[in-house]
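Structure data follow from start30.txt (compact mmCIF, C-alpha atoms):
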```txt
# COMPACT_ATOMS: atom_id res chain seq x y z
CA MET A 470 40.88 65.87 -8.76
CA ILE A 471 39.13 64.94 -12.00
CA ILE A 472 40.32 68.17 -13.61
CA LEU A 473 43.89 67.39 -12.45
CA LEU A 474 43.75 63.96 -14.09
CA LYS A 475 42.53 65.59 -17.31
CA ILE A 476 45.46 68.02 -17.20
CA ILE A 477 47.88 65.09 -16.86
CA LEU A 478 46.29 63.47 -19.93
CA TYR A 479 46.49 66.57 -22.15
CA PRO A 480 50.27 66.34 -22.82
CA ALA A 481 49.87 62.80 -24.22
CA GLN A 482 47.12 64.01 -26.55
CA GLY A 483 49.14 67.11 -27.44
CA ILE A 484 52.23 65.06 -28.35
CA ALA A 485 50.12 62.79 -30.57
CA LEU A 486 48.62 65.86 -32.27
CA TRP A 487 52.11 67.32 -32.75
CA ALA A 488 53.34 64.05 -34.30
CA ALA A 489 50.33 63.95 -36.66
CA ILE A 490 51.04 67.53 -37.77
CA ALA A 491 54.82 67.06 -38.05
CA LYS A 492 54.48 63.95 -40.21
CA TRP A 493 51.49 65.12 -42.25
CA ASN A 494 53.42 65.40 -45.54
CA GLU A 495 54.71 61.84 -45.16
CA ASN A 496 51.37 60.37 -44.13
CA LYS A 497 48.94 62.31 -46.32
CA HIS A 498 48.85 59.60 -49.00
CA SER A 499 48.47 56.72 -46.54
CA PRO A 500 45.33 55.27 -44.92
CA GLN A 501 46.43 57.11 -41.75
CA ARG A 502 46.06 60.57 -43.32
CA TYR A 503 42.76 61.32 -41.58
CA PHE A 504 44.19 60.74 -38.10
CA LEU A 505 45.29 64.38 -38.05
CA HIS A 506 41.63 65.37 -38.33
CA LEU A 507 40.76 62.92 -35.56
CA MET A 508 43.38 64.40 -33.23
CA ILE A 509 42.10 67.92 -33.90
CA PHE A 510 38.58 66.68 -33.17
CA VAL A 511 39.80 65.09 -29.91
CA ALA A 512 41.43 68.37 -28.85
CA ILE A 513 38.25 70.34 -29.55
CA VAL A 514 36.07 67.87 -27.63
CA GLU A 515 38.41 67.76 -24.63
CA VAL A 516 38.71 71.54 -24.37
CA ALA A 517 34.97 72.10 -24.88
CA GLY A 518 34.09 69.37 -22.39
CA THR A 519 36.40 70.71 -19.70
CA LEU A 520 35.31 74.34 -20.15
CA SER A 521 31.61 73.42 -20.12
CA ARG A 522 32.08 71.57 -16.85
CA MET A 523 34.24 74.23 -15.19
CA TYR A 524 32.56 77.46 -16.26
CA ILE A 525 29.09 76.62 -17.50
CA SER A 526 28.37 73.86 -14.96
CA ILE A 527 26.42 71.68 -17.38
CA ALA A 528 26.67 67.97 -18.05
CA ASN A 529 28.92 67.25 -21.01
CA SER A 530 27.74 63.68 -21.64
CA TYR A 531 26.09 64.75 -24.89
CA LEU A 532 29.43 66.07 -26.16
CA TYR A 533 31.29 62.86 -25.34
CA ASN A 534 28.48 60.77 -26.82
CA ILE A 535 28.95 62.59 -30.10
CA TYR A 536 32.68 61.91 -29.85
CA ILE A 537 32.06 58.23 -29.09
CA VAL A 538 29.82 57.75 -32.13
CA VAL A 539 32.11 59.69 -34.49
CA SER A 540 35.34 58.07 -33.26
CA PHE A 541 34.00 54.52 -33.57
CA LEU A 542 32.78 55.24 -37.11
CA PHE A 543 36.19 56.73 -37.89
CA PHE A 544 38.03 53.64 -36.66
CA PHE A 545 35.67 51.33 -38.55
CA TYR A 546 36.35 53.29 -41.73
CA TRP A 547 40.10 53.12 -41.10
CA PHE A 548 39.94 49.35 -40.68
CA TYR A 549 37.94 49.29 -43.93
CA THR A 550 40.89 50.95 -45.71
CA ILE A 551 43.52 48.49 -44.40
CA LEU A 552 41.64 45.17 -44.32
CA GLU A 553 40.93 43.08 -47.39
CA GLN A 554 37.65 41.57 -46.13
CA LYS A 555 35.49 44.56 -47.09
CA LYS A 556 32.13 42.77 -46.83
CA ILE A 557 32.60 42.15 -43.11
CA LEU A 558 33.07 45.87 -42.61
CA TYR A 559 29.63 46.55 -44.13
CA TRP A 560 28.14 44.29 -41.46
CA ILE A 561 30.22 46.06 -38.81
CA PHE A 562 28.90 49.46 -39.88
CA GLY A 563 25.33 48.12 -39.92
CA ILE A 564 25.56 46.51 -36.49
CA TYR A 565 27.06 49.65 -35.00
CA ILE A 566 24.44 52.00 -36.46
CA ILE A 567 21.71 49.72 -35.07
CA SER A 568 23.42 49.81 -31.64
CA VAL A 569 23.42 53.62 -31.71
CA ILE A 570 19.71 53.74 -32.56
CA VAL A 571 18.85 51.18 -29.86
CA SER A 572 21.08 52.94 -27.33
CA ILE A 573 19.43 56.33 -27.87
CA SER A 574 15.97 54.75 -27.74
CA VAL A 575 16.56 52.67 -24.60
CA GLU A 576 18.85 55.01 -22.68
CA SER A 577 16.59 58.08 -22.87
CA SER A 578 18.55 60.56 -24.98
CA ILE A 579 21.87 61.75 -26.32
CA SER A 580 22.37 63.59 -23.01
CA GLU A 581 22.85 60.25 -21.20
CA MET A 582 25.86 57.99 -21.63
CA LEU A 583 25.18 55.56 -24.46
CA HIS A 584 26.36 52.35 -22.79
CA ILE A 585 24.96 49.99 -25.44
CA THR A 586 26.84 51.91 -28.10
CA LEU A 587 30.03 51.72 -26.03
CA TYR A 588 29.72 47.96 -25.52
CA ALA A 589 28.97 47.33 -29.20
CA GLY A 590 31.74 49.60 -30.45
CA THR A 591 34.29 48.12 -28.04
CA LEU A 592 33.54 44.52 -29.03
CA LEU A 593 33.63 45.40 -32.73
CA ILE A 594 37.01 47.14 -32.35
CA LEU A 595 38.42 44.08 -30.59
CA PHE A 596 37.08 41.86 -33.38
CA LEU A 597 38.61 44.07 -36.09
CA SER A 598 41.92 44.20 -34.23
CA ALA A 599 42.03 40.40 -34.22
CA MET A 600 41.29 40.42 -37.95
CA TYR A 601 44.17 42.82 -38.57
CA TYR A 602 46.68 40.74 -36.59
CA LYS A 603 45.57 37.60 -38.42
CA SER A 604 46.01 39.28 -41.81
CA LEU A 605 49.39 40.70 -40.75
CA LEU A 606 50.68 37.23 -39.82
CA GLU A 607 49.91 36.09 -43.37
CA LYS A 608 52.06 38.82 -44.96
CA LYS A 609 55.81 39.16 -45.43
CA GLU A 610 55.81 42.60 -43.79
CA VAL A 611 55.15 40.94 -40.43
CA VAL A 612 58.96 40.66 -40.15
CA HIS A 613 59.12 44.45 -39.78
CA PHE A 614 55.87 44.82 -37.82
CA MET A 615 57.34 47.38 -35.39
CA LYS A 616 57.83 49.82 -38.29
CA LEU A 617 54.22 49.58 -39.45
CA GLN A 618 51.83 52.41 -38.62
CA PRO A 619 48.71 50.16 -38.67
CA PHE A 620 50.37 47.81 -36.17
CA TRP A 621 50.90 50.55 -33.60
CA ILE A 622 47.45 52.08 -34.12
CA THR A 623 45.77 48.70 -33.79
CA THR A 624 47.89 47.87 -30.74
CA GLY A 625 46.85 51.14 -29.10
CA LEU A 626 43.19 50.44 -29.81
CA LEU A 627 43.52 46.87 -28.54
CA ILE A 628 45.18 47.91 -25.26
CA PHE A 629 42.67 50.70 -24.69
CA TYR A 630 39.51 48.71 -25.36
CA ILE A 631 40.65 45.53 -23.58
CA GLY A 632 41.16 47.69 -20.50
CA PHE A 633 38.04 49.74 -21.14
CA LEU A 634 35.62 46.82 -21.44
CA PRO A 635 35.69 45.70 -17.76
CA VAL A 636 35.93 49.31 -16.58
CA GLN A 637 32.76 50.39 -18.38
CA PHE A 638 30.95 47.28 -17.17
CA LEU A 639 31.78 48.00 -13.52
CA GLU A 640 31.11 51.72 -13.98
CA GLY A 641 27.70 50.89 -15.42
CA LEU A 642 26.89 48.85 -12.32
CA GLY A 643 27.83 51.78 -10.11
CA ASN A 644 30.66 49.81 -8.47
CA PHE A 645 33.40 52.25 -9.43
CA ASP A 646 34.53 55.32 -7.53
CA ARG A 647 34.59 58.26 -9.95
CA ILE A 648 38.21 59.14 -9.16
CA ASN A 649 39.39 55.56 -9.74
CA TYR A 650 37.44 55.46 -12.99
CA GLN A 651 39.07 58.67 -14.22
CA PHE A 652 42.54 57.47 -13.17
CA ILE A 653 42.21 54.20 -15.10
CA MET A 654 40.86 56.06 -18.12
CA MET A 655 43.80 58.45 -17.94
CA VAL A 656 46.30 55.55 -18.00
CA LEU A 657 44.49 53.81 -20.87
CA ASN A 658 44.35 57.04 -22.88
CA ILE A 659 48.05 57.73 -22.34
CA LEU A 660 48.85 54.24 -23.66
CA LEU A 661 46.48 54.77 -26.61
CA TYR A 662 47.90 58.15 -27.63
CA GLY A 663 51.43 56.92 -26.96
CA CYS A 664 50.88 54.17 -29.55
CA PHE A 665 49.35 56.71 -31.93
CA THR A 666 52.43 58.92 -31.55
CA ILE A 667 54.77 56.03 -32.36
CA ALA A 668 52.61 55.20 -35.38
CA PHE A 669 52.68 58.74 -36.76
CA LEU A 670 56.47 58.84 -36.41
CA CYS A 671 57.02 55.54 -38.24
CA PRO A 672 58.51 56.18 -41.69
CA GLN A 673 56.25 55.48 -44.64
CA LYS A 674 57.41 52.90 -47.17
CA LYS A 675 58.55 54.44 -50.45
```

Just give me the structure of the file as structure tokens.
Amino acid sequence: MIILLKIILYPAQGIALWAAIAKWNENKHSPQRYFLHLMIFVAIVEVAGTLSRMYISIANSYLYNIYIVVSFLFFFYWFYTILEQKKILYWIFGIYIISVIVSISVESSISEMLHITLYAGTLLILFLSAMYYKSLLEKKEVVHFMKLQPFWITTGLLIFYIGFLPVQFLEGLGNFDRINYQFIMMVLNILLYGCFTIAFLCPQKK
């Protein structure tokens, strides 16, 4: 059942990857240019994770932990490129790196899920999303917000992590059936990559 849910998710990720590739020439000079690399990284992690579970029968938590750390750092850097309050981002990077070190130290090893890192990264993403929306409201381009790539990317991140925060809390307490957990994660990921796809297809301002 878990593998089936993964297969349902793959088209959403594939469409987002296609959009990133198709619009690469238009987006390569924007702050969103590195999202193509992120989508390729996502595809590699998903395929490697699924194959390792199906054919090698080993836990793939270490692989997803690497993805978690890298993806959060990527999003923090992206927010750094679009937000004007750069000094706050230095604190964000510092807090997150500390959370990774603490998480690895307290939660045994990289082979276990790094829950502290997940909590810290999630809260920081929500904070940065709020900062972006606040800065957007102060600009004239807010009138055309639905044509802005950063708006759709931030919206996707906000939807995903608002939904993910209670899910990871309950999952950490052991109160979540694995199938239900995977189903909710599938829905949240489809919404996330759907927003990414819309963002990649938004025309860049000349």

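Between CA of Val516 in chain A and CA of Ser572 in chain A the interatomic distance comes to 25.8 Å.
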
- Task: For CA of Trp621 in chain A and CA of Ile594 in chain A, quote the distance in Å rounded to one decimal.
- Result: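 Atom-to-atom, CA of Trp621 in chain A to CA of Ile594 in chain A, that is 14.4 Å.
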
- Note on the structure: Of A:Ile564, A:Ile477, A:Ile622, A:Leu486, the one nearest to Ala668 in chain A when counting all atoms listed in the file is A:Ile622

- Query: Could you name the residues that touch Phe665 in chain A at 12 Å or less, counting all atoms listed in the file, but leaving out those on the same chain fewer than 4 positions away, as a ChimeraX atom specification?
  - Reply: /A:481-489,501,504-505,507-508,617-629,658-661,669-671

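Atom pair CA of Phe562 in chain A / CA of Phe548 in chain A has a distance of 11.1 Å (rounded to one decimal).
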
- Out of A:Tyr650, A:Tyr588, A:Pro480, A:Leu552, which residue has the shortest atom-to-atom distance to Tyr602 in chain A when counting all atoms listed in the file?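 Smallest separation from Tyr602 in chain A among the options: A:Leu552.
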
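In this comparison, which uses all atoms listed in the file, the residue of A:Gly632, A:Gly563, A:Pro672, A:Gly518 approaching Leu542 in chain A most closely is A:Gly563.
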
Determine the axis-aligned bounding box of all atoms of range 600-606 of chain A present in the file, pad each side by 5 Å, and express its centre and edge lengths in Å to one decimal place as AutoDock Vina command-line options.
```
--center_x 46.0 --center_y 40.0 --center_z -39.2 --size_x 19.4 --size_y 15.6 --size_z 15.2
```

- Residue contacts of Ile567 in chain A (12 Å, only C-alpha atoms) excluding same-chain residues fewer than 4 positions away, as an MDAnalysis selection string: chainID A and resid 538 560:563 571:574 585:586 589:590

- Item | Residue neighbourhood Glu515 in chain A, 9 Å, all atoms listed in the file, exclusion window fewer than 3 positions, as a list in words |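 After dropping sequence-adjacent residues, the list is Lys475, Tyr479, Phe510, Val511, Ala512, Gly518, Thr519, Leu520 and Tyr533 of chain A.
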
- Which of A:Ile566, A:Ile653, A:Leu606, A:Ile509 sits closest to Tyr630 in chain A [using only C-alpha atoms]: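 So, comparing all the options, the nearest one is A:Ile653.
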